[in-house]
file model_20.pdb (PDB, C-alpha atoms)
ATOM      1  CA  MET A  61      -0.104   2.554  -9.641
ATOM      2  CA  TRP A  62       2.380  -0.075  -8.403
ATOM      3  CA  GLU A  63       1.948   1.106  -4.827
ATOM      4  CA  TYR A  64      -1.823   0.761  -5.112
ATOM      5  CA  TYR A  65      -1.572  -2.857  -6.299
ATOM      6  CA  ALA A  66       0.989  -3.630  -3.596
ATOM      7  CA  THR A  67      -1.384  -2.432  -0.876
ATOM      8  CA  HIS A  68      -4.836  -3.359  -2.205
ATOM      9  CA  ASP A  69      -6.651  -6.586  -2.923
ATOM     10  CA  ALA A  70      -7.132  -6.818  -6.693
ATOM     11  CA  MET A  71     -10.640  -8.300  -6.531
ATOM     12  CA  THR A  72     -12.295  -6.136  -3.850
ATOM     13  CA  ARG A  73     -10.068  -3.041  -3.958
ATOM     14  CA  CYS A  74      -9.950  -3.107  -0.155
ATOM     15  CA  LEU A  75      -6.640  -2.800   1.615
ATOM     16  CA  ASN A  76      -4.847  -6.137   1.589
ATOM     17  CA  ARG A  77      -3.986  -7.895   4.852
ATOM     18  CA  LYS A  78      -0.402  -6.630   5.068
ATOM     19  CA  ALA A  79      -1.184  -2.982   4.313
ATOM     20  CA  GLY A  80      -4.330  -2.939   6.435
ATOM     21  CA  LEU A  81      -2.664  -4.402   9.506
ATOM     22  CA  GLU A  82       0.287  -2.020   9.125
ATOM     23  CA  ARG A  83      -2.116   0.914   8.990
ATOM     24  CA  LEU A  84      -4.020  -0.326  12.038
ATOM     25  CA  ASN A  85      -0.727  -0.817  13.897
ATOM     26  CA  MET A  86       0.273   2.794  13.178
ATOM     27  CA  LEU A  87      -3.083   4.069  14.381
ATOM     28  CA  LEU A  88      -2.820   2.139  17.624
ATOM     29  CA  LYS A  89       0.718   3.382  18.276
ATOM     30  CA  ASN A  90      -0.707   6.912  18.247
ATOM     31  CA  TYR A  91      -3.817   5.882  20.185
ATOM     32  CA  SER A  92      -5.543   8.413  22.404
ATOM     33  CA  THR A  93      -8.468   7.540  24.674
ATOM     34  CA  ARG A  94     -10.190  10.687  23.391
ATOM     35  CA  ILE A  95     -10.525   9.134  19.928
ATOM     36  CA  PRO A  96     -11.865   5.574  20.223
ATOM     37  CA  ILE A  97     -11.064   2.990  17.565
ATOM     38  CA  SER A  98     -13.377   0.044  16.964
ATOM     39  CA  ILE A  99     -13.065  -2.872  14.600
ATOM     40  CA  ILE A 100     -15.633  -5.154  13.072
ATOM     41  CA  TYR A 101     -14.451  -8.635  12.131
ATOM     42  CA  ALA A 102     -16.860  -9.676   9.370
ATOM     43  CA  ASP A 103     -17.228 -13.034   7.672
ATOM     44  CA  LEU A 104     -19.488 -13.811   4.719
ATOM     45  CA  ASN A 105     -21.811 -16.663   5.671
ATOM     46  CA  ASN A 106     -22.114 -19.755   3.479
ATOM     47  CA  LEU A 107     -19.481 -18.908   0.864
ATOM     48  CA  LYS A 108     -18.801 -22.625   0.356
ATOM     49  CA  THR A 109     -22.506 -23.230  -0.305
ATOM     50  CA  ILE A 110     -22.560 -20.332  -2.796
ATOM     51  CA  ASN A 111     -19.479 -21.731  -4.559
ATOM     52  CA  ASP A 112     -20.884 -25.288  -4.602
ATOM     53  CA  SER A 113     -24.369 -24.259  -5.749
ATOM     54  CA  PHE A 114     -23.627 -21.464  -8.198
ATOM     55  CA  GLY A 115     -19.902 -21.731  -9.008
ATOM     56  CA  HIS A 116     -16.794 -19.890  -7.893
ATOM     57  CA  SER A 117     -17.528 -16.903 -10.116
ATOM     58  CA  GLU A 118     -20.730 -16.302  -8.108
ATOM     59  CA  GLY A 119     -18.717 -16.712  -4.911
ATOM     60  CA  ASP A 120     -16.298 -14.055  -6.146
ATOM     61  CA  LYS A 121     -19.226 -11.784  -7.022
ATOM     62  CA  ALA A 122     -20.614 -12.283  -3.503
ATOM     63  CA  ILE A 123     -17.272 -11.246  -1.986
ATOM     64  CA  ILE A 124     -17.144  -8.181  -4.252
ATOM     65  CA  ARG A 125     -20.761  -7.237  -3.428
ATOM     66  CA  ILE A 126     -20.201  -7.517   0.311
ATOM     67  CA  SER A 127     -16.967  -5.506   0.176
ATOM     68  CA  LYS A 128     -18.754  -2.727  -1.745
ATOM     69  CA  ILE A 129     -21.459  -2.616   0.921
ATOM     70  CA  PHE A 130     -18.808  -2.323   3.628
ATOM     71  CA  LYS A 131     -17.047   0.533   1.818
ATOM     72  CA  GLU A 132     -20.329   2.367   1.069
ATOM     73  CA  THR A 133     -21.360   2.234   4.724
ATOM     74  CA  ILE A 134     -18.253   3.567   6.476
ATOM     75  CA  LYS A 135     -16.983   7.122   6.858
ATOM     76  CA  ALA A 136     -14.229   8.527   4.620
ATOM     77  CA  ASN A 137     -11.455   8.047   7.222
ATOM     78  CA  ASP A 138     -12.488   4.477   8.058
ATOM     79  CA  PHE A 139     -11.145   1.556   6.030
ATOM     80  CA  VAL A 140     -11.824  -2.048   5.062
ATOM     81  CA  VAL A 141      -9.181  -4.768   5.021
ATOM     82  CA  ARG A 142      -9.620  -8.049   3.185
ATOM     83  CA  LEU A 143      -7.917 -10.463   5.542
ATOM     84  CA  GLY A 144      -8.337 -13.356   3.131
ATOM     85  CA  GLY A 145     -11.080 -15.395   1.520
ATOM     86  CA  ASP A 146     -14.379 -14.110   2.869
ATOM     87  CA  GLU A 147     -13.020 -12.450   6.022
ATOM     88  CA  PHE A 148     -12.806  -8.678   6.405
ATOM     89  CA  LEU A 149     -11.748  -6.230   9.065
ATOM     90  CA  ILE A 150     -13.609  -2.932   9.126
ATOM     91  CA  VAL A 151     -11.661  -0.267  11.023
ATOM     92  CA  LEU A 152     -13.768   2.563  12.428
ATOM     93  CA  LEU A 153     -11.982   5.670  13.654
ATOM     94  CA  ASN A 154     -13.532   7.869  16.324
ATOM     95  CA  SER A 155     -16.039   5.094  16.931
ATOM     96  CA  ASP A 156     -17.068   3.402  20.150
ATOM     97  CA  TYR A 157     -18.722  -0.014  20.512
ATOM     98  CA  LYS A 158     -22.275   1.346  20.140
ATOM     99  CA  ASN A 159     -21.367   3.173  16.943
ATOM    100  CA  ALA A 160     -19.780   0.006  15.534
ATOM    101  CA  GLU A 161     -23.017  -1.868  16.230
ATOM    102  CA  LYS A 162     -24.924   0.853  14.351
ATOM    103  CA  VAL A 163     -22.577   0.389  11.388
ATOM    104  CA  ILE A 164     -23.378  -3.339  11.409
ATOM    105  CA  GLU A 165     -27.108  -2.524  11.429
ATOM    106  CA  LYS A 166     -26.637  -0.255   8.390
ATOM    107  CA  ILE A 167     -24.626  -2.948   6.603
ATOM    108  CA  ASN A 168     -27.317  -5.548   7.285
ATOM    109  CA  LYS A 169     -30.029  -3.212   5.962
ATOM    110  CA  LYS A 170     -28.066  -2.722   2.731
ATOM    111  CA  ILE A 171     -27.548  -6.473   2.410
ATOM    112  CA  LYS A 172     -31.296  -7.059   2.816
ATOM    113  CA  ILE A 173     -32.051  -4.521   0.097
ATOM    114  CA  GLN A 174     -29.511  -6.086  -2.282
ATOM    115  CA  ASN A 175     -30.820  -9.573  -1.568
ATOM    116  CA  THR A 176     -34.232  -8.623  -2.983
ATOM    117  CA  SER A 177     -32.715  -8.284  -6.461
ATOM    118  CA  SER A 178     -30.089 -11.032  -6.397
ATOM    119  CA  ARG A 179     -30.278 -14.770  -6.961
ATOM    120  CA  VAL A 180     -27.604 -15.309  -4.288
ATOM    121  CA  GLU A 181     -28.671 -14.268  -0.810
ATOM    122  CA  LEU A 182     -25.891 -12.816   1.336
ATOM    123  CA  SER A 183     -25.488 -12.559   5.089
ATOM    124  CA  ILE A 184     -22.586 -11.886   7.425
ATOM    125  CA  SER A 185     -21.447 -12.753  10.920
ATOM    126  CA  CYS A 186     -19.671  -9.983  12.813
ATOM    127  CA  GLY A 187     -17.726  -9.392  15.974
ATOM    128  CA  VAL A 188     -16.865  -5.997  17.451
ATOM    129  CA  ALA A 189     -14.031  -4.814  19.667
ATOM    130  CA  THR A 190     -13.110  -1.311  20.821
ATOM    131  CA  TYR A 191      -9.459  -0.655  21.514
ATOM    132  CA  THR A 192      -8.113  -0.067  25.000
ATOM    133  CA  LYS A 193      -4.549  -0.032  26.348
ATOM    134  CA  ASN A 194      -5.374  -3.411  27.965
ATOM    135  CA  TYR A 195      -4.737  -5.186  24.664
ATOM    136  CA  ILE A 196      -1.164  -6.450  24.584
ATOM    137  CA  SER A 197      -0.938  -6.392  20.794
ATOM    138  CA  VAL A 198      -2.880  -5.694  17.620
ATOM    139  CA  GLU A 199      -3.354  -9.455  17.303
ATOM    140  CA  ASP A 200      -5.076  -9.569  20.719
ATOM    141  CA  PHE A 201      -7.366  -6.742  19.632
ATOM    142  CA  ILE A 202      -8.280  -8.497  16.381
ATOM    143  CA  ASN A 203      -8.631 -11.880  18.122
ATOM    144  CA  GLU A 204     -11.229 -10.387  20.473
ATOM    145  CA  ALA A 205     -13.372  -9.282  17.514
ATOM    146  CA  ASP A 206     -12.733 -12.614  15.765
ATOM    147  CA  LYS A 207     -13.862 -14.561  18.840
ATOM    148  CA  LYS A 208     -17.090 -12.533  18.994
ATOM    149  CA  MET A 209     -17.645 -13.099  15.267
ATOM    150  CA  TYR A 210     -17.414 -16.878  15.761
ATOM    151  CA  GLU A 211     -19.955 -16.676  18.593
ATOM    152  CA  ASN A 212     -22.262 -14.833  16.180
ATOM    153  CA  LYS A 213     -21.584 -17.425  13.450
ATOM    154  CA  LYS A 214     -22.540 -20.282  15.823
ATOM    155  CA  ILE A 215     -25.894 -18.578  16.418
ATOM    156  CA  PHE A 216     -26.367 -18.141  12.650
ATOM    157  CA  HIS A 217     -25.673 -21.846  12.002
ATOM    158  CA  SER A 218     -27.880 -23.022  14.861
ATOM    159  CA  GLN A 219     -30.755 -20.980  13.443
ATOM    160  CA  LEU A 220     -30.245 -22.590  10.037
ATOM    161  CA  LYS A 221     -30.433 -26.094  11.479
ATOM    162  CA  PHE A 222     -33.583 -25.557  13.493
ATOM    163  CA  ALA A 223     -35.509 -22.997  11.449
TER     164      ALA A 223
END

call {"tool": "encode", "arguments": {"input": "model_20.pdb", "output": "structure tokens"}}
result
Amino acid sequence: MWEYYATHDAMTRCLNRKAGLERLNMLLKNYSTRIPISIIYADLNNLKTINDSFGHSEGDKAIIRISKIFKETIKANDFVVRLGGDEFLIVLLNSDYKNAEKVIEKINKKIKIQNTSSRVELSISCGVATYTKNYISVEDFINEADKKMYENKKIFHSQLKFA
């Protein structure tokens, strides 16, 4: 029980940042080009607006809802890491870039379905990276997905302003 709470986020029950990054590091040390590893850097859109409009308890519920969707969508060997706040890293084993994009499509479909019966509408911005030996470190690998997520988030915000 103590080990579980030392390695998992209490609110979402995802791996916490430390445990998740350690696990990813171990996977990449044993990396083989025959088994691709992709990551999805996911960020919940408009958490501040949810907190300001509905209260922090609704913001927490939004984070819990989105983490459940992530966990329901991935395969048994894949895992979700709560990096902090509303940022998550979804690690997909034996998954190339195209497969990671399909996972994002499935996640977005589940979000749409949940939004029909919720007073708080959720959406995410994502960035994908597939590991190669060209990455100098795990941080470089994650930063690539993070950079792509921010590009996606800029598009999301520009659509809000001009829609």

call {"tool": "closest_residue", "arguments": {"input": "model_20.pdb", "among": "A:Asn105, A:Leu87, A:Ile123, A:Val163", "to": "Lys214 of chain A", "atoms": "only C-alpha atoms"}}
result
A:Asn105

call {"tool": "residues_around", "arguments": {"input": "model_20.pdb", "residues": "segment 94-103 of chain A", "least_positions_apart": "3", "cutoff": "8 Å", "atoms": "all atoms listed in the file", "output": "list in words"}}
result
Tyr91, Asp146, Glu147, Phe148, Leu149, Ile150, Val151, Leu152, Leu153, Asn154, Ser155, Asp156, Tyr157, Ala160, Ile184, Ser185, Cys186, Gly187, Val188, Ala189, Thr190, Tyr191, Ile202, Ala205, Asp206 and Met209 of chain A

call {"tool": "residues_around", "arguments": {"input": "model_20.pdb", "residues": "Ile126 of chain A", "least_positions_apart": "2", "cutoff": "8 Å", "atoms": "all atoms listed in the file", "output": "list of chain:residue names"}}
result
A:Leu104, A:Ala122, A:Ile123, A:Ile124, A:Lys128, A:Ile129, A:Phe130, A:Ile171, A:Leu182

call {"tool": "closest_residue", "arguments": {"input": "model_20.pdb", "among": "A:Arg73, A:Lys213, A:Lys169, A:His68", "to": "Lys131 of chain A", "atoms": "all atoms listed in the file"}}
result
A:Arg73

call {"tool": "atom_distance", "arguments": {"input": "model_20.pdb", "atom1": "atom CA of Ser113 of chain A", "atom2": "atom CA of Gly144 of chain A"}}
result
21.3 Å

call {"tool": "atom_distance", "arguments": {"input": "model_20.pdb", "atom1": "atom CA of Lys121 of chain A", "atom2": "atom CA of Thr67 of chain A"}}
result
21.1 Å

call {"tool": "closest_residue", "arguments": {"input": "model_20.pdb", "among": "A:Lys158, A:Lys166, A:Gly119, A:Ile110", "to": "Thr133 of chain A", "atoms": "all atoms listed in the file"}}
result
A:Lys166

call {"tool": "closest_residue", "arguments": {"input": "model_20.pdb", "among": "A:Leu88, A:Ile167, A:Met71, A:Leu143", "to": "Ser183 of chain A", "atoms": "all atoms listed in the file"}}
result
A:Ile167

call {"tool": "residues_around", "arguments": {"input": "model_20.pdb", "residues": "Glu118 of chain A", "least_positions_apart": "6", "cutoff": "10 Å", "atoms": "all atoms listed in the file", "output": "count of residues only"}}
result
7

call {"tool": "closest_residue", "arguments": {"input": "model_20.pdb", "among": "A:Met61, A:Ile173, A:Val141, A:Ile134", "to": "Leu84 of chain A", "atoms": "all atoms listed in the file"}}
result
A:Val141

call {"tool": "atom_distance", "arguments": {"input": "model_20.pdb", "atom1": "atom CA of Thr93 of chain A", "atom2": "atom CA of Asn194 of chain A"}}
result
11.8 Å

call {"tool": "axis_aligned_box", "arguments": {"input": "model_20.pdb", "around": "segment 154-173 of chain A", "padding_each_side": "8 Å", "output": "JSON"}}
result
{"center_x": -22.8, "center_y": 0.4, "center_z": 10.3, "size_x": 34.5, "size_y": 30.9, "size_z": 36.4}

call {"tool": "closest_residue", "arguments": {"input": "model_20.pdb", "among": "A:Glu63, A:Glu204, A:Glu82, A:Glu211", "to": "Thr192 of chain A", "atoms": "all atoms listed in the file"}}
result
A:Glu204
